[in-house]
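Here's the structure we're looking at; comments come further down.
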Amino acid sequence: MDKFDPANHDDNPPLDAAFLAGMKPSRRGRPKLVAPKVEVKIRLDAQTVKHLRGTGPGWQTRVNALLGRLVADGQI
């Protein structure tokens, strides 16, 4: 087998100073939120949690939205 020859792989851009100057640092983690969330611990009935988890991914976000609407409406 032939040794790797970079000349045969010219589809990558050259890593020269101009290319490196245009690079941006990668951002890791979740994006910053306008209204940051606070982690809490709450005890709920097992059946309630089973039902909520059964609604699929995003159930915690949906519960948060529902609670937010109830607070905004003055119901809780």
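Every chain in the structure tokens takes a letter, A first, then B, and so on in the order presented; its residues are numbered from 1, and the ligands are numbered from 1 following the presented order.
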Review point. Near region 60-74 of chain A, within 12 Å and counting only C-alpha atoms, which residues show up once chain neighbours fewer than 6 positions away are dropped, as a ChimeraX atom specification?
Key: /A:37-40,48-49,51-54
With C-alpha atoms retained, export the selected residues as a compact mmCIF listing (two decimals), in the first residue's frame.
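Okay, part-v6.txt is ready:
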```
# COMPACT_ATOMS: atom_id res chain seq x y z
CA LYS A 37 -33.48 28.04 34.55
CA VAL A 38 -32.96 26.91 38.14
CA GLU A 39 -32.59 23.26 39.03
CA VAL A 40 -35.01 22.21 41.77
CA THR A 48 -48.06 11.66 37.77
CA VAL A 49 -44.40 11.27 36.80
CA HIS A 51 -47.88 9.92 32.89
CA LEU A 52 -45.70 12.97 32.21
CA ARG A 53 -42.72 10.88 31.05
CA GLY A 54 -45.10 8.87 28.88
```
Practice item. To one decimal in Å, tell me the separation between CA of Lys41 (chain A) and CA of Pro57 (chain A). Key: 19.3 Å
DSSP says helix (DSSP H, G or I) for which residues of region 14-56 of chain A? Put them as a compact mmCIF listing (two decimals) with C-alpha atoms, in the first residue's frame?
```txt
# COMPACT_ATOMS: atom_id res chain seq x y z
CA ALA A 17 -2.68 32.07 8.14
CA ALA A 18 -5.69 33.48 6.23
CA PHE A 19 -7.72 30.34 6.82
CA LEU A 20 -6.82 30.17 10.51
CA ALA A 21 -7.59 33.88 11.00
CA ALA A 46 -45.32 8.17 40.92
CA GLN A 47 -48.38 7.98 38.64
CA THR A 48 -48.06 11.66 37.77
CA VAL A 49 -44.40 11.27 36.80
CA LYS A 50 -45.18 8.10 34.83
CA HIS A 51 -47.88 9.92 32.89
CA LEU A 52 -45.70 12.97 32.21
CA ARG A 53 -42.72 10.88 31.05
CA GLY A 54 -45.10 8.87 28.88
```
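Counting from CA of Gly29 (chain A), the distance to CA of Leu15 (chain A) is 26.8 Å.
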